[in-house]
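Structure, as structure tokens:
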Amino acid sequence: MSTDLPKRVGITLTEHLLSTQPKDSRGEFTLLNMAMMTAIKVIEKNIRAAGLAGNFGYVGHSNNASGDDQAKLDVISNDVFKACLVSTGAVFVMGSEEEENGVLVDPSKRGCYVLCFDPLDGSSNIDANVSVGSIWGVWRVCPGGIDVSTREAVDRVLLQPGSALVAAGYAMYGSATNVVLTCGHGVRGFTLDATIGEFVLTAPDMTFGQQHIYSVNEGNTKYWHPWFKTYVDSLKNQKKPYTARYIGSMVADVHRTILYGGIFCYPDDSKSKSGKLRYLYEAAPMAFIVEQAGGVATTGAARILDIQPEKLHQRVPVFLGSKSEIATMMTFYNKGSKSKL
């Protein structure tokens, strides 16, 4: 019988969280993140079994709080996130793409953290077996004295700028299941090892690549502002044109943009005058991750993380990319802004 010991699988996400938490930590934040990983594993299992379980397709004529068609897996993923997070006793209130208002946790189970999440980003692609994901941001609050007597008051607790984020992350469900996290000290990537049921550190220091790739939905070209049309045309007409890549799932598109380099764009236009992506559970968490990976995140008019949201499902224009790519884009944006004066 062989006496060889199994190879070390590497640092697990659980080990990483425990080893990096502050010495005086009560473990609440670590517990919160571990519950998030449980939710992601449950969602991953539901996605892989969706075709066999009859969970592809949409929920009748139902739309979510943002007006998007609601897939069956949107509902399942939202319920999983809520159940796992509430069980920690670490969460005060949650905001979700699938909920019209903030979800206030029962007083007996409330903690000090606020979470906003998109439980299943890119769900319109799910029936075609295209990569989808989950996005979340974590803020800290001091629960004492906070008014939660009305729905409007509960929503106000959620309205914090991205600059106050203490953590953000996304999960991507594709050929592998990946989790990318930041707590404000760089970006780390983990991959689910299904044989042990753990996320293992596979990218200890994620930073922007150097390839010239642009990612934008060119089906909206007829609605674009003139400056943005000019900018995209310039990328196509260089001596060595940029490569175009667009999946239609923000998680997958941004993940590729960080790994390979380039720019991801979802501008405002004549059809979506405030932009399409939601601030609290899409733009702000992704902006935090992008900046921690050495990139830049802007609406064109302002740094995304500096925006003070005014409503739960607020939309904003989004441009995420390497410093050089955003600088180039901004020259076109600034010229376009001046031409309006």
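Going by the structure tokens order, chains are called A, B, ..., each with residues numbered from 1, while ligands are numbered from 1 in the order shown.
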| request: Can you pull out every residue within 12 Å of A:Val200, counting only C-alpha atoms, but drop anything in the same chain fewer than 4 positions away, and send it as a PyMOL selection string? | output: chain A and resi 8-17+37+176-180+188-196+204
C-alpha atoms of the current selection, written as a compact mmCIF listing (two decimals), in the first residue's frame:
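For reference, again28.txt as written:
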```txt
# COMPACT_ATOMS: atom_id res chain seq x y z
CA ARG A 8 -1.31 20.11 -0.75
CA VAL A 9 -4.30 21.61 -2.53
CA GLY A 10 -3.25 25.19 -1.80
CA ILE A 11 -4.72 27.90 0.38
CA THR A 12 -8.49 27.62 0.66
CA LEU A 13 -10.73 30.66 0.84
CA THR A 14 -11.67 29.70 4.40
CA GLU A 15 -8.00 29.61 5.43
CA HIS A 16 -7.41 32.91 3.66
CA LEU A 17 -10.27 34.61 5.50
CA MET A 37 -19.44 30.96 -0.39
CA ALA A 176 -15.12 26.49 -13.71
CA THR A 177 -16.68 28.34 -10.79
CA ASN A 178 -14.54 31.29 -9.73
CA VAL A 179 -14.79 33.77 -6.90
CA VAL A 180 -12.96 37.12 -7.02
CA ARG A 188 -7.61 37.65 -5.14
CA GLY A 189 -9.17 34.92 -7.23
CA PHE A 190 -10.33 31.49 -6.08
CA THR A 191 -11.51 28.43 -8.01
CA LEU A 192 -13.96 25.84 -6.72
CA ASP A 193 -12.37 22.40 -6.32
CA ALA A 194 -15.45 20.20 -6.47
CA THR A 195 -13.53 17.20 -5.12
CA ILE A 196 -13.12 18.86 -1.71
CA PRO A 204 -3.17 35.70 -5.41
```
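Coordinates place atom CA of A:Asn217 at a distance of 13.2 Å from atom CA of A:Lys271.
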| Which residues, written as a ChimeraX atom specification, have at least one atom at most 7 Å from A:Ile289, with only C-alpha atoms counted and residues fewer than 3 positions away on the same chain left out? | /A:168,182,187,285-286,292-293
With N, CA and C atoms kept, could you save the residues just selected as a PDB file, in the first residue's frame?
```
ATOM      1  N   ALA A 168     -15.988  43.647  -1.609  1.00  0.00           N
ATOM      2  CA  ALA A 168     -16.818  43.409  -2.792  1.00  0.00           C
ATOM      3  C   ALA A 168     -16.309  42.151  -3.468  1.00  0.00           C
ATOM      4  N   THR A 182     -12.205  41.358  -3.028  1.00  0.00           N
ATOM      5  CA  THR A 182     -11.317  42.381  -2.485  1.00  0.00           C
ATOM      6  C   THR A 182     -11.870  42.886  -1.173  1.00  0.00           C
ATOM      7  N   VAL A 187      -6.684  42.291  -5.071  1.00  0.00           N
ATOM      8  CA  VAL A 187      -7.747  41.410  -5.552  1.00  0.00           C
ATOM      9  C   VAL A 187      -7.220  39.988  -5.637  1.00  0.00           C
ATOM     10  N   PRO A 285     -19.718  47.737  -6.614  1.00  0.00           N
ATOM     11  CA  PRO A 285     -18.836  46.609  -6.279  1.00  0.00           C
ATOM     12  C   PRO A 285     -17.780  46.335  -7.349  1.00  0.00           C
ATOM     13  N   MET A 286     -18.186  46.388  -8.628  1.00  0.00           N
ATOM     14  CA  MET A 286     -17.218  46.144  -9.698  1.00  0.00           C
ATOM     15  C   MET A 286     -16.169  47.252  -9.765  1.00  0.00           C
ATOM     16  N   GLN A 292      -8.973  48.206  -7.202  1.00  0.00           N
ATOM     17  CA  GLN A 292      -8.019  47.416  -6.421  1.00  0.00           C
ATOM     18  C   GLN A 292      -7.106  46.575  -7.316  1.00  0.00           C
ATOM     19  N   ALA A 293      -7.557  46.312  -8.553  1.00  0.00           N
ATOM     20  CA  ALA A 293      -6.722  45.578  -9.511  1.00  0.00           C
ATOM     21  C   ALA A 293      -5.841  46.513 -10.334  1.00  0.00           C
TER      22      ALA A 293
END
```
| note | With distances taken over only C-alpha atoms, the candidate from A:Ile135, A:Met172, A:Val103, A:Leu18 nearest A:Glu152 is A:Val103
